[in-house]
$ cat data24.cif   # mmCIF, C-alpha atoms and all ligand atoms; chains and numbers go by the auth columns
data_final
loop_
_atom_site.group_PDB
_atom_site.id
_atom_site.type_symbol
_atom_site.label_atom_id
_atom_site.label_comp_id
_atom_site.label_asym_id
_atom_site.label_seq_id
_atom_site.Cartn_x
_atom_site.Cartn_y
_atom_site.Cartn_z
_atom_site.B_iso_or_equiv
_atom_site.auth_seq_id
_atom_site.auth_asym_id
ATOM 1 C CA MET A 1 -51.289 -16.746 7.721 0.00 1 L
ATOM 2 C CA ASP A 2 -50.863 -14.960 4.408 0.00 2 L
ATOM 3 C CA LEU A 3 -48.928 -11.734 4.211 0.00 3 L
ATOM 4 C CA GLU A 4 -51.843 -9.419 3.541 0.00 4 L
ATOM 5 C CA ARG A 5 -53.800 -10.815 6.486 0.00 5 L
ATOM 6 C CA ALA A 6 -50.806 -10.436 8.797 0.00 6 L
ATOM 7 C CA ILE A 7 -50.211 -6.836 7.679 0.00 7 L
ATOM 8 C CA TYR A 8 -53.833 -5.861 8.134 0.00 8 L
ATOM 9 C CA SER A 9 -54.556 -7.770 11.343 0.00 9 L
ATOM 10 C CA ARG A 10 -51.396 -6.983 13.348 0.00 10 L
ATOM 11 C CA ARG A 11 -52.214 -4.705 16.264 0.00 11 L
ATOM 12 C CA SER A 12 -50.286 -3.344 19.217 0.00 12 L
ATOM 13 C CA VAL A 13 -51.479 -5.609 22.007 0.00 13 L
ATOM 14 C CA ARG A 14 -51.637 -4.200 25.540 0.00 14 L
ATOM 15 C CA SER A 15 -53.256 -7.064 27.432 0.00 15 L
ATOM 16 C CA TYR A 16 -51.751 -10.538 27.799 0.00 16 L
ATOM 17 C CA THR A 17 -52.520 -13.888 29.370 0.00 17 L
ATOM 18 C CA ASP A 18 -50.060 -15.449 31.852 0.00 18 L
ATOM 19 C CA GLU A 19 -48.993 -18.029 29.269 0.00 19 L
ATOM 20 C CA ALA A 20 -45.218 -18.247 28.887 0.00 20 L
ATOM 21 C CA ILE A 21 -43.943 -18.284 25.314 0.00 21 L
ATOM 22 C CA ASP A 22 -41.424 -21.052 24.750 0.00 22 L
ATOM 23 C CA GLN A 23 -37.937 -20.434 23.443 0.00 23 L
ATOM 24 C CA ALA A 24 -38.575 -22.302 20.181 0.00 24 L
ATOM 25 C CA THR A 25 -41.420 -19.917 19.331 0.00 25 L
ATOM 26 C CA LEU A 26 -39.402 -16.851 20.302 0.00 26 L
ATOM 27 C CA ARG A 27 -36.531 -18.174 18.204 0.00 27 L
ATOM 28 C CA LYS A 28 -38.917 -18.533 15.243 0.00 28 L
ATOM 29 C CA LEU A 29 -39.780 -14.835 15.561 0.00 29 L
ATOM 30 C CA ILE A 30 -36.092 -13.920 15.607 0.00 30 L
ATOM 31 C CA ASP A 31 -35.485 -16.083 12.536 0.00 31 L
ATOM 32 C CA ALA A 32 -38.200 -14.065 10.760 0.00 32 L
ATOM 33 C CA ALA A 33 -36.693 -10.800 12.034 0.00 33 L
ATOM 34 C CA VAL A 34 -33.309 -11.526 10.456 0.00 34 L
ATOM 35 C CA GLN A 35 -34.913 -11.988 7.038 0.00 35 L
ATOM 36 C CA ALA A 36 -35.297 -8.195 6.966 0.00 36 L
ATOM 37 C CA PRO A 37 -33.163 -6.216 4.558 0.00 37 L
ATOM 38 C CA SER A 38 -30.200 -4.330 6.003 0.00 38 L
ATOM 39 C CA ALA A 39 -27.863 -1.738 4.552 0.00 39 L
ATOM 40 C CA VAL A 40 -24.919 -3.404 2.751 0.00 40 L
ATOM 41 C CA ASN A 41 -26.348 -6.656 4.154 0.00 41 L
ATOM 42 C CA GLU A 42 -24.526 -5.942 7.409 0.00 42 L
ATOM 43 C CA GLN A 43 -27.225 -7.586 9.570 0.00 43 L
ATOM 44 C CA PRO A 44 -25.934 -5.616 12.569 0.00 44 L
ATOM 45 C CA TRP A 45 -28.768 -6.591 14.883 0.00 45 L
ATOM 46 C CA SER A 46 -28.655 -8.453 18.161 0.00 46 L
ATOM 47 C CA PHE A 47 -31.553 -9.768 20.245 0.00 47 L
ATOM 48 C CA ALA A 48 -31.854 -9.750 24.033 0.00 48 L
ATOM 49 C CA VAL A 49 -34.765 -11.955 25.089 0.00 49 L
ATOM 50 C CA ILE A 50 -36.018 -11.250 28.594 0.00 50 L
ATOM 51 C CA THR A 51 -38.547 -13.541 30.236 0.00 51 L
ATOM 52 C CA ASP A 52 -37.384 -12.863 33.787 0.00 52 L
ATOM 53 C CA ARG A 53 -40.334 -11.058 35.399 0.00 53 L
ATOM 54 C CA ALA A 54 -38.165 -9.490 38.084 0.00 54 L
ATOM 55 C CA LEU A 55 -35.899 -7.940 35.457 0.00 55 L
ATOM 56 C CA LEU A 56 -38.895 -6.759 33.428 0.00 56 L
ATOM 57 C CA GLY A 57 -40.216 -5.074 36.584 0.00 57 L
ATOM 58 C CA ARG A 58 -36.863 -3.393 37.174 0.00 58 L
ATOM 59 C CA ILE A 59 -36.614 -2.123 33.591 0.00 59 L
ATOM 60 C CA CYS A 60 -40.186 -0.829 33.886 0.00 60 L
ATOM 61 C CA ALA A 61 -39.461 1.073 37.115 0.00 61 L
ATOM 62 C CA LYS A 62 -36.178 2.518 35.827 0.00 62 L
ATOM 63 C CA SER A 63 -37.744 3.551 32.497 0.00 63 L
ATOM 64 C CA LYS A 64 -40.673 5.308 34.180 0.00 64 L
ATOM 65 C CA ALA A 65 -38.392 7.198 36.576 0.00 65 L
ATOM 66 C CA HIS A 66 -36.048 8.106 33.726 0.00 66 L
ATOM 67 C CA LEU A 67 -38.902 9.505 31.613 0.00 67 L
ATOM 68 C CA LEU A 68 -40.425 11.410 34.542 0.00 68 L
ATOM 69 C CA ARG A 69 -37.053 13.050 35.218 0.00 69 L
ATOM 70 C CA GLY A 70 -37.157 14.324 31.640 0.00 70 L
ATOM 71 C CA ALA A 71 -33.963 12.403 30.974 0.00 71 L
ATOM 72 C CA ALA A 72 -31.869 13.205 27.911 0.00 72 L
ATOM 73 C CA GLY A 73 -33.602 16.583 27.687 0.00 73 L
ATOM 74 C CA ARG A 74 -36.812 14.987 26.472 0.00 74 L
ATOM 75 C CA LYS A 75 -39.977 16.500 27.912 0.00 75 L
ATOM 76 C CA ILE A 76 -42.729 13.925 28.126 0.00 76 L
ATOM 77 C CA PRO A 77 -46.217 14.870 26.943 0.00 77 L
ATOM 78 C CA GLU A 78 -48.544 15.719 29.864 0.00 78 L
ATOM 79 C CA SER A 79 -50.960 13.001 28.704 0.00 79 L
ATOM 80 C CA PHE A 80 -48.291 10.386 29.562 0.00 80 L
ATOM 81 C CA ARG A 81 -47.285 11.841 32.924 0.00 81 L
ATOM 82 C CA GLY A 82 -50.311 10.549 34.862 0.00 82 L
ATOM 83 C CA ARG A 83 -49.814 7.008 33.637 0.00 83 L
ATOM 84 C CA LEU A 84 -46.088 7.033 34.279 0.00 84 L
ATOM 85 C CA GLU A 85 -46.633 8.335 37.808 0.00 85 L
ATOM 86 C CA ASP A 86 -49.046 5.480 38.547 0.00 86 L
ATOM 87 C CA PRO A 87 -47.019 2.758 40.364 0.00 87 L
ATOM 88 C CA ALA A 88 -49.479 0.141 39.055 0.00 88 L
ATOM 89 C CA PHE A 89 -48.820 1.017 35.401 0.00 89 L
ATOM 90 C CA ASP A 90 -46.635 -1.634 33.783 0.00 90 L
ATOM 91 C CA ILE A 91 -45.115 -0.267 30.583 0.00 91 L
ATOM 92 C CA PHE A 92 -44.836 -3.920 29.441 0.00 92 L
ATOM 93 C CA TYR A 93 -48.519 -4.695 30.091 0.00 93 L
ATOM 94 C CA ASP A 94 -47.599 -7.915 31.958 0.00 94 L
ATOM 95 C CA ALA A 95 -46.322 -9.477 28.747 0.00 95 L
ATOM 96 C CA PRO A 96 -44.284 -12.659 29.388 0.00 96 L
ATOM 97 C CA ALA A 97 -41.428 -11.729 27.048 0.00 97 L
ATOM 98 C CA LEU A 98 -39.525 -8.680 25.892 0.00 98 L
ATOM 99 C CA ILE A 99 -37.222 -8.832 22.876 0.00 99 L
ATOM 100 C CA VAL A 100 -34.874 -5.879 22.630 0.00 100 L
ATOM 101 C CA ILE A 101 -33.407 -5.484 19.157 0.00 101 L
ATOM 102 C CA SER A 102 -30.123 -3.597 19.267 0.00 102 L
ATOM 103 C CA SER A 103 -27.638 -2.558 16.657 0.00 103 L
ATOM 104 C CA VAL A 104 -24.131 -3.825 17.411 0.00 104 L
ATOM 105 C CA ASP A 105 -22.792 -0.430 16.328 0.00 105 L
ATOM 106 C CA ARG A 106 -23.987 3.109 15.755 0.00 106 L
ATOM 107 C CA GLY A 107 -23.581 2.899 11.996 0.00 107 L
ATOM 108 C CA ARG A 108 -25.467 5.278 9.688 0.00 108 L
ATOM 109 C CA TRP A 109 -28.341 2.822 9.206 0.00 109 L
ATOM 110 C CA ALA A 110 -28.478 1.349 12.731 0.00 110 L
ATOM 111 C CA VAL A 111 -32.038 2.450 13.442 0.00 111 L
ATOM 112 C CA GLU A 112 -33.406 1.614 9.992 0.00 112 L
ATOM 113 C CA ASN A 113 -31.933 -1.914 10.061 0.00 113 L
ATOM 114 C CA CYS A 114 -33.306 -2.731 13.516 0.00 114 L
ATOM 115 C CA ALA A 115 -36.715 -1.185 12.790 0.00 115 L
ATOM 116 C CA LEU A 116 -37.105 -3.399 9.724 0.00 116 L
ATOM 117 C CA ALA A 117 -36.184 -6.459 11.798 0.00 117 L
ATOM 118 C CA ALA A 118 -38.725 -5.325 14.396 0.00 118 L
ATOM 119 C CA GLN A 119 -41.546 -5.120 11.873 0.00 119 L
ATOM 120 C CA ASN A 120 -40.734 -8.615 10.580 0.00 120 L
ATOM 121 C CA LEU A 121 -40.738 -9.880 14.165 0.00 121 L
ATOM 122 C CA MET A 122 -44.119 -8.291 14.922 0.00 122 L
ATOM 123 C CA LEU A 123 -45.679 -9.664 11.734 0.00 123 L
ATOM 124 C CA ALA A 124 -44.272 -13.129 12.494 0.00 124 L
ATOM 125 C CA ALA A 125 -45.740 -12.913 16.006 0.00 125 L
ATOM 126 C CA CYS A 126 -49.102 -12.094 14.472 0.00 126 L
ATOM 127 C CA GLY A 127 -48.733 -15.102 12.167 0.00 127 L
ATOM 128 C CA GLU A 128 -48.173 -17.288 15.245 0.00 128 L
ATOM 129 C CA GLY A 129 -51.353 -15.945 16.858 0.00 129 L
ATOM 130 C CA LEU A 130 -49.276 -13.881 19.294 0.00 130 L
ATOM 131 C CA GLY A 131 -49.550 -10.227 20.192 0.00 131 L
ATOM 132 C CA SER A 132 -46.713 -7.714 20.254 0.00 132 L
ATOM 133 C CA CYS A 133 -46.092 -4.039 20.885 0.00 133 L
ATOM 134 C CA TRP A 134 -43.067 -1.776 20.430 0.00 134 L
ATOM 135 C CA ILE A 135 -42.446 -0.146 23.826 0.00 135 L
ATOM 136 C CA GLY A 136 -40.891 3.233 23.201 0.00 136 L
ATOM 137 C CA PHE A 137 -41.303 3.991 26.920 0.00 137 L
ATOM 138 C CA ALA A 138 -38.457 1.541 27.585 0.00 138 L
ATOM 139 C CA GLN A 139 -36.234 2.728 24.776 0.00 139 L
ATOM 140 C CA ILE A 140 -34.560 5.746 26.346 0.00 140 L
ATOM 141 C CA TRP A 141 -33.465 4.120 29.599 0.00 141 L
ATOM 142 C CA LEU A 142 -32.315 0.994 27.760 0.00 142 L
ATOM 143 C CA THR A 143 -29.943 3.121 25.681 0.00 143 L
ATOM 144 C CA SER A 144 -28.309 4.477 28.852 0.00 144 L
ATOM 145 C CA ARG A 145 -25.166 2.866 30.248 0.00 145 L
ATOM 146 C CA ALA A 146 -27.188 1.359 33.114 0.00 146 L
ATOM 147 C CA GLY A 147 -29.875 0.092 30.731 0.00 147 L
ATOM 148 C CA LYS A 148 -27.357 -1.699 28.524 0.00 148 L
ATOM 149 C CA ALA A 149 -25.677 -3.146 31.613 0.00 149 L
ATOM 150 C CA ALA A 150 -29.038 -4.526 32.798 0.00 150 L
ATOM 151 C CA LEU A 151 -29.239 -6.527 29.558 0.00 151 L
ATOM 152 C CA GLY A 152 -25.560 -7.429 29.551 0.00 152 L
ATOM 153 C CA LEU A 153 -25.029 -5.469 26.318 0.00 153 L
ATOM 154 C CA PRO A 154 -21.674 -3.934 25.406 0.00 154 L
ATOM 155 C CA THR A 155 -21.655 -0.123 25.678 0.00 155 L
ATOM 156 C CA SER A 156 -21.034 0.105 21.906 0.00 156 L
ATOM 157 C CA TYR A 157 -24.493 -1.414 21.194 0.00 157 L
ATOM 158 C CA LEU A 158 -27.518 0.759 20.429 0.00 158 L
ATOM 159 C CA PRO A 159 -30.853 -0.635 21.687 0.00 159 L
ATOM 160 C CA VAL A 160 -33.462 0.389 19.103 0.00 160 L
ATOM 161 C CA ALA A 161 -36.608 -1.701 19.398 0.00 161 L
ATOM 162 C CA PRO A 162 -37.994 -3.121 22.671 0.00 162 L
ATOM 163 C CA ILE A 163 -40.833 -5.420 21.565 0.00 163 L
ATOM 164 C CA ILE A 164 -43.112 -7.244 23.995 0.00 164 L
ATOM 165 C CA VAL A 165 -44.587 -10.574 22.916 0.00 165 L
ATOM 166 C CA GLY A 166 -47.262 -12.761 24.434 0.00 166 L
ATOM 167 C CA ARG A 167 -50.638 -14.410 24.037 0.00 167 L
ATOM 168 C CA PRO A 168 -53.312 -11.698 23.692 0.00 168 L
ATOM 169 C CA ALA A 169 -55.875 -11.750 26.506 0.00 169 L
ATOM 170 C CA ALA A 170 -58.424 -10.227 24.129 0.00 170 L
ATOM 171 C CA PRO A 171 -58.444 -9.046 20.534 0.00 171 L
ATOM 172 C CA ALA A 172 -57.022 -5.512 20.221 0.00 172 L
ATOM 173 C CA ALA A 173 -59.205 -2.944 18.503 0.00 173 L
ATOM 174 C CA ALA A 174 -58.046 -1.626 15.157 0.00 174 L
ATOM 175 C CA VAL A 175 -56.592 1.863 15.179 0.00 175 L
ATOM 176 C CA PRO A 176 -57.851 4.068 12.334 0.00 176 L
ATOM 177 C CA ARG A 177 -55.385 5.075 9.666 0.00 177 L
ATOM 178 C CA LYS A 178 -55.107 8.561 8.237 0.00 178 L
ATOM 179 C CA GLU A 179 -55.506 8.999 4.539 0.00 179 L
ATOM 180 C CA PRO A 180 -51.964 8.640 3.154 0.00 180 L
ATOM 181 C CA ARG A 181 -50.391 11.818 1.804 0.00 181 L
ATOM 182 C CA ILE A 182 -49.555 10.800 -1.730 0.00 182 L
ATOM 183 C CA ARG A 183 -48.082 12.910 -4.436 0.00 183 L
ATOM 184 C CA TRP A 184 -48.175 11.042 -7.708 0.00 184 L
ATOM 185 C CA ILE A 185 -45.326 12.170 -9.890 0.00 185 L
ATOM 186 C CA ALA A 186 -45.770 10.777 -13.359 0.00 186 L
ATOM 187 C CA PRO A 187 -44.687 11.928 -16.799 0.00 187 L
HETATM 188 C C1 LIG B . -41.474 3.650 17.855 0.00 201 Y
HETATM 189 C C2 LIG B . -42.753 3.210 18.535 0.00 201 Y
HETATM 190 C C3 LIG B . -42.880 3.393 19.903 0.00 201 Y
HETATM 191 C C4 LIG B . -44.046 2.955 20.553 0.00 201 Y
HETATM 192 N N1 LIG B . -44.112 3.047 21.921 0.00 201 Y
HETATM 193 C C5 LIG B . -45.194 2.575 22.555 0.00 201 Y
HETATM 194 C C6 LIG B . -45.232 2.550 23.985 0.00 201 Y
HETATM 195 O O1 LIG B . -44.298 2.940 24.676 0.00 201 Y
HETATM 196 N N2 LIG B . -46.346 2.070 24.588 0.00 201 Y
HETATM 197 C C7 LIG B . -47.415 1.603 23.856 0.00 201 Y
HETATM 198 O O2 LIG B . -48.402 1.181 24.471 0.00 201 Y
HETATM 199 N N3 LIG B . -47.404 1.586 22.506 0.00 201 Y
HETATM 200 C C8 LIG B . -46.318 2.042 21.845 0.00 201 Y
HETATM 201 N N4 LIG B . -46.255 1.985 20.474 0.00 201 Y
HETATM 202 C C9 LIG B . -47.386 1.426 19.702 0.00 201 Y
HETATM 203 C C10 LIG B . -48.182 2.519 18.969 0.00 201 Y
HETATM 204 O O3 LIG B . -48.924 3.251 19.898 0.00 201 Y
HETATM 205 C C11 LIG B . -49.088 1.817 17.930 0.00 201 Y
HETATM 206 O O4 LIG B . -48.287 1.207 16.945 0.00 201 Y
HETATM 207 C C12 LIG B . -50.043 2.790 17.249 0.00 201 Y
HETATM 208 O O5 LIG B . -50.971 3.319 18.161 0.00 201 Y
HETATM 209 C C13 LIG B . -50.823 2.115 16.100 0.00 201 Y
HETATM 210 O O6 LIG B . -51.532 0.980 16.584 0.00 201 Y
HETATM 211 P P1 LIG B . -51.315 -0.467 15.954 0.00 201 Y
HETATM 212 O O7 LIG B . -49.871 -0.846 16.172 0.00 201 Y
HETATM 213 O O8 LIG B . -52.274 -1.363 16.691 0.00 201 Y
HETATM 214 O O9 LIG B . -51.618 -0.408 14.491 0.00 201 Y
HETATM 215 C C14 LIG B . -45.112 2.392 19.805 0.00 201 Y
HETATM 216 C C15 LIG B . -44.960 2.215 18.417 0.00 201 Y
HETATM 217 C C16 LIG B . -43.798 2.603 17.793 0.00 201 Y
HETATM 218 C C17 LIG B . -43.636 2.351 16.308 0.00 201 Y
#
$ encode --input "data24.cif" --output "structure tokens"
Amino acid sequence: MDLERAIYSRRSVRSYTDEAIDQATLRKLIDAAVQAPSAVNEQPWSFAVITDRALLGRICAKSKAHLLRGAAGRKIPESFRGRLEDPAFDIFYDAPALIVISSVDRGRWAVENCALAAQNLMLAACGEGLGSCWIGFAQIWLTSRAGKAALGLPTSYLPVAPIIVGRPAAPAAAVPRKEPRIRWIAP
């Protein structure tokens, strides 16, 4: 797939088939992720790849409870509350794999570096005919001590980007874009 097509056709996918994604394919996505630029070329990212459904279910339950408690002083928007209170709502949309991109330290550019790797990974997934979605709902609990322990991550790590990956069950509708705010500054 060419770059322009990948950029314009990538969508956040929220419905997946049961098909497992093999390690070689997931590894290919990670290889694309690490081609991202990083500050001072530190490449401080690490990838936890979770295909264990029981663990995904546990992270989902913990994340929902954490958000509903208003953890870390963050009040969740009312529009999310109903969904999070629904025991049937899976924040991972039954995807077969979750890749959590973490920074190995809390350096000044930790979030920027991992977010760039995440975008590469999502575009590469699109190129492979796979769907993906960044799951912010999982992010806050995963950054807690218990969340990092669930993934076997050292406490010094900073989980930044939980990305689900799988075979889309149906094409995802395009989401409209706002007109970009551009200020041309020319001589
Ligand atoms: C930081 C971040 C957090 C997100 N968290 C969620 C999430 O928890 N659940 C979800 O369904 N989508 C989540 N998304 C996906 C956005 O809703 C999606 O990117 C946006 O609606 C635009 O749609 P598109 O990705 O198909 O272009 C998140 C995206 C980003 C960048």
$ closest_residue --input "data24.cif" --among "L:Ser144, L:Ala48, L:Ser9, L:Leu151" --to "L:Ala173" --atoms "all atoms listed in the file"
L:Ser9
$ closest_atom_pairs --input "data24.cif" --of "chain L" --to "ligand LIG 201 (chain Y)" --cutoff "7 Å" --atoms "all atoms listed in the file" --output "Markdown table"
| residue | atom | partner | partner_atom | distance |
| --- | --- | --- | --- | --- |
| L:Arg10 | CA | Y:LIG201 | O8 | 6.6 |
| L:Arg11 | CA | Y:LIG201 | O8 | 3.4 |
| L:Ser12 | CA | Y:LIG201 | O8 | 3.8 |
| L:Val13 | CA | Y:LIG201 | O8 | 6.8 |
| L:Arg14 | CA | Y:LIG201 | O2 | 6.4 |
| L:Ile91 | CA | Y:LIG201 | N2 | 6.6 |
| L:Cys133 | CA | Y:LIG201 | C9 | 5.7 |
| L:Trp134 | CA | Y:LIG201 | C14 | 4.7 |
| L:Ile135 | CA | Y:LIG201 | O1 | 3.7 |
| L:Gly136 | CA | Y:LIG201 | N1 | 3.5 |
| L:Phe137 | CA | Y:LIG201 | O1 | 3.9 |
| L:Ala138 | CA | Y:LIG201 | O1 | 6.7 |
| L:Ala174 | CA | Y:LIG201 | O8 | 6.0 |
| L:Val175 | CA | Y:LIG201 | O6 | 5.3 |
$ atom_distance --input "data24.cif" --atom1 "atom CA of L:Ile99" --atom2 "atom CA of L:Thr51"
8.8 Å
$ residues_around --input "data24.cif" --residues "L:Ile30" --least-positions-apart "3" --cutoff "10 Å" --atoms "only C-alpha atoms" --output "CSV table (one decimal) with C-alpha atoms, keeping the file's coordinate frame"
chain,number,residue,atom,x,y,z
L,24,ALA,CA,-38.6,-22.3,20.2
L,25,THR,CA,-41.4,-19.9,19.3
L,26,LEU,CA,-39.4,-16.9,20.3
L,27,ARG,CA,-36.5,-18.2,18.2
L,33,ALA,CA,-36.7,-10.8,12.0
L,34,VAL,CA,-33.3,-11.5,10.5
L,35,GLN,CA,-34.9,-12.0,7.0
L,46,SER,CA,-28.7,-8.5,18.2
L,47,PHE,CA,-31.6,-9.8,20.2
L,49,VAL,CA,-34.8,-12.0,25.1
L,99,ILE,CA,-37.2,-8.8,22.9
L,101,ILE,CA,-33.4,-5.5,19.2
L,117,ALA,CA,-36.2,-6.5,11.8
L,118,ALA,CA,-38.7,-5.3,14.4
L,120,ASN,CA,-40.7,-8.6,10.6
L,121,LEU,CA,-40.7,-9.9,14.2
L,122,MET,CA,-44.1,-8.3,14.9
L,124,ALA,CA,-44.3,-13.1,12.5
L,125,ALA,CA,-45.7,-12.9,16.0
$ resolve_selection --input "data24.cif" --expression "the PyMOL selection byres (((chain L and resi 110) around 10) and not hetatm)" --output "PyMOL selection string"
chain L and resi 38-39+42-45+102-109+111-115+157-160
$ write_last_selection --input "data24.cif" --atoms "C-alpha atoms" --output "tab-separated table (two decimals), in the frame of the given file"
chain	number	residue	atom	x	y	z
L	38	SER	CA	-30.20	-4.33	6.00
L	39	ALA	CA	-27.86	-1.74	4.55
L	42	GLU	CA	-24.53	-5.94	7.41
L	43	GLN	CA	-27.22	-7.59	9.57
L	44	PRO	CA	-25.93	-5.62	12.57
L	45	TRP	CA	-28.77	-6.59	14.88
L	102	SER	CA	-30.12	-3.60	19.27
L	103	SER	CA	-27.64	-2.56	16.66
L	104	VAL	CA	-24.13	-3.82	17.41
L	105	ASP	CA	-22.79	-0.43	16.33
L	106	ARG	CA	-23.99	3.11	15.76
L	107	GLY	CA	-23.58	2.90	12.00
L	108	ARG	CA	-25.47	5.28	9.69
L	109	TRP	CA	-28.34	2.82	9.21
L	111	VAL	CA	-32.04	2.45	13.44
L	112	GLU	CA	-33.41	1.61	9.99
L	113	ASN	CA	-31.93	-1.91	10.06
L	114	CYS	CA	-33.31	-2.73	13.52
L	115	ALA	CA	-36.72	-1.18	12.79
L	157	TYR	CA	-24.49	-1.41	21.19
L	158	LEU	CA	-27.52	0.76	20.43
L	159	PRO	CA	-30.85	-0.64	21.69
L	160	VAL	CA	-33.46	0.39	19.10
$ axis_aligned_box --input "data24.cif" --around "stretch 20-36 of chain L" --padding-each-side "4 Å" --output "AutoDock Vina command-line options"
--center_x -39.3 --center_y -15.2 --center_z 17.9 --size_x 19.9 --size_y 22.1 --size_z 29.9
$ atom_distance --input "data24.cif" --atom1 "atom CA of L:Ala88" --atom2 "atom CA of L:Arg53"
14.9 Å
$ closest_residue --input "data24.cif" --among "L:Gly131, L:Gly152, L:Pro180, L:Pro187" --to "L:Pro96" --atoms "only C-alpha atoms"
L:Gly131
$ resolve_selection --input "data24.cif" --expression "the PyMOL selection byres (((chain L and resi 89) around 12) and not hetatm)" --output "NGL selection string"
:L and (14 or 57 or 60-61 or 63-64 or 80-88 or 90-94 or 137)
$ write_last_selection --input "data24.cif" --atoms "C-alpha atoms" --output "compact mmCIF listing (two decimals), in the frame of the given file"
# COMPACT_ATOMS: atom_id res chain seq x y z
CA ARG L 14 -51.64 -4.20 25.54
CA GLY L 57 -40.22 -5.07 36.58
CA CYS L 60 -40.19 -0.83 33.89
CA ALA L 61 -39.46 1.07 37.12
CA SER L 63 -37.74 3.55 32.50
CA LYS L 64 -40.67 5.31 34.18
CA PHE L 80 -48.29 10.39 29.56
CA ARG L 81 -47.28 11.84 32.92
CA GLY L 82 -50.31 10.55 34.86
CA ARG L 83 -49.81 7.01 33.64
CA LEU L 84 -46.09 7.03 34.28
CA GLU L 85 -46.63 8.34 37.81
CA ASP L 86 -49.05 5.48 38.55
CA PRO L 87 -47.02 2.76 40.36
CA ALA L 88 -49.48 0.14 39.06
CA ASP L 90 -46.64 -1.63 33.78
CA ILE L 91 -45.12 -0.27 30.58
CA PHE L 92 -44.84 -3.92 29.44
CA TYR L 93 -48.52 -4.70 30.09
CA ASP L 94 -47.60 -7.92 31.96
CA PHE L 137 -41.30 3.99 26.92
$ closest_residue --input "data24.cif" --among "L:Ala20, L:Ala95, L:Leu130, L:Ala32" --to "L:Leu56" --atoms "all atoms listed in the file"
L:Ala95
$ closest_residue --input "data24.cif" --among "L:Val100, L:Leu68, L:Ile185, L:Leu116" --to "L:Gln139" --atoms "all atoms listed in the file"
L:Val100
$ resolve_selection --input "data24.cif" --expression "the PyMOL selection byres (((chain L and resi 16) around 6) and not hetatm)" --output "MDAnalysis selection string"
chainID L and resid 15 17 95 167:169
$ atom_distance --input "data24.cif" --atom1 "atom CA of L:Ser156" --atom2 "atom CA of L:Ile50"
20.0 Å
$ closest_residue --input "data24.cif" --among "L:Arg183, L:Ala149, L:Pro171, L:Arg177" --to "L:Leu55" --atoms "only C-alpha atoms"
L:Ala149
$ residues_around --input "data24.cif" --residues "L:Met1" --least-positions-apart "2" --cutoff "12 Å" --atoms "all atoms listed in the file" --output "ChimeraX atom specification"
/L:3-10,123-129
$ residues_around --input "data24.cif" --residues "L:Lys62" --least-positions-apart "3" --cutoff "9 Å" --atoms "only C-alpha atoms" --output "ChimeraX atom specification"
/L:57-59,65-67,138,141,147
$ build_atoms --input "data24.cif" --residues "stretch 178-187 of chain L" --atoms "N, CA, C and O atoms" --output "mmCIF file, keeping the file's coordinate frame"
data_model
loop_
_atom_site.group_PDB
_atom_site.id
_atom_site.type_symbol
_atom_site.label_atom_id
_atom_site.label_comp_id
_atom_site.auth_asym_id
_atom_site.auth_seq_id
_atom_site.Cartn_x
_atom_site.Cartn_y
_atom_site.Cartn_z
ATOM 1 N N LYS L 178 -54.859 7.316 8.960
ATOM 2 C CA LYS L 178 -55.107 8.561 8.237
ATOM 3 C C LYS L 178 -55.001 8.281 6.748
ATOM 4 O O LYS L 178 -54.298 7.345 6.338
ATOM 5 N N GLU L 179 -55.645 9.099 5.989
ATOM 6 C CA GLU L 179 -55.506 8.999 4.539
ATOM 7 C C GLU L 179 -54.025 9.273 4.206
ATOM 8 O O GLU L 179 -53.457 10.265 4.682
ATOM 9 N N PRO L 180 -53.387 8.374 3.450
ATOM 10 C CA PRO L 180 -51.964 8.640 3.154
ATOM 11 C C PRO L 180 -51.783 9.902 2.310
ATOM 12 O O PRO L 180 -52.605 10.196 1.453
ATOM 13 N N ARG L 181 -50.714 10.644 2.629
ATOM 14 C CA ARG L 181 -50.391 11.818 1.804
ATOM 15 C C ARG L 181 -49.607 11.292 0.607
ATOM 16 O O ARG L 181 -48.484 10.807 0.788
ATOM 17 N N ILE L 182 -50.213 11.355 -0.531
ATOM 18 C CA ILE L 182 -49.555 10.800 -1.730
ATOM 19 C C ILE L 182 -49.427 11.894 -2.776
ATOM 20 O O ILE L 182 -50.389 12.624 -3.032
ATOM 21 N N ARG L 183 -48.269 12.004 -3.308
ATOM 22 C CA ARG L 183 -48.082 12.910 -4.436
ATOM 23 C C ARG L 183 -47.645 12.051 -5.601
ATOM 24 O O ARG L 183 -46.550 11.483 -5.582
ATOM 25 N N TRP L 184 -48.530 11.864 -6.544
ATOM 26 C CA TRP L 184 -48.175 11.042 -7.708
ATOM 27 C C TRP L 184 -47.338 11.888 -8.644
ATOM 28 O O TRP L 184 -47.751 12.982 -9.030
ATOM 29 N N ILE L 185 -46.181 11.428 -8.965
ATOM 30 C CA ILE L 185 -45.326 12.170 -9.890
ATOM 31 C C ILE L 185 -45.119 11.286 -11.118
ATOM 32 O O ILE L 185 -44.388 10.286 -11.059
ATOM 33 N N ALA L 186 -45.821 11.621 -12.159
ATOM 34 C CA ALA L 186 -45.770 10.777 -13.359
ATOM 35 C C ALA L 186 -45.481 11.664 -14.562
ATOM 36 O O ALA L 186 -45.724 12.869 -14.502
ATOM 37 N N PRO L 187 -44.977 11.090 -15.613
ATOM 38 C CA PRO L 187 -44.687 11.928 -16.799
ATOM 39 C C PRO L 187 -45.988 12.461 -17.407
ATOM 40 O O PRO L 187 -47.027 11.840 -17.275
#
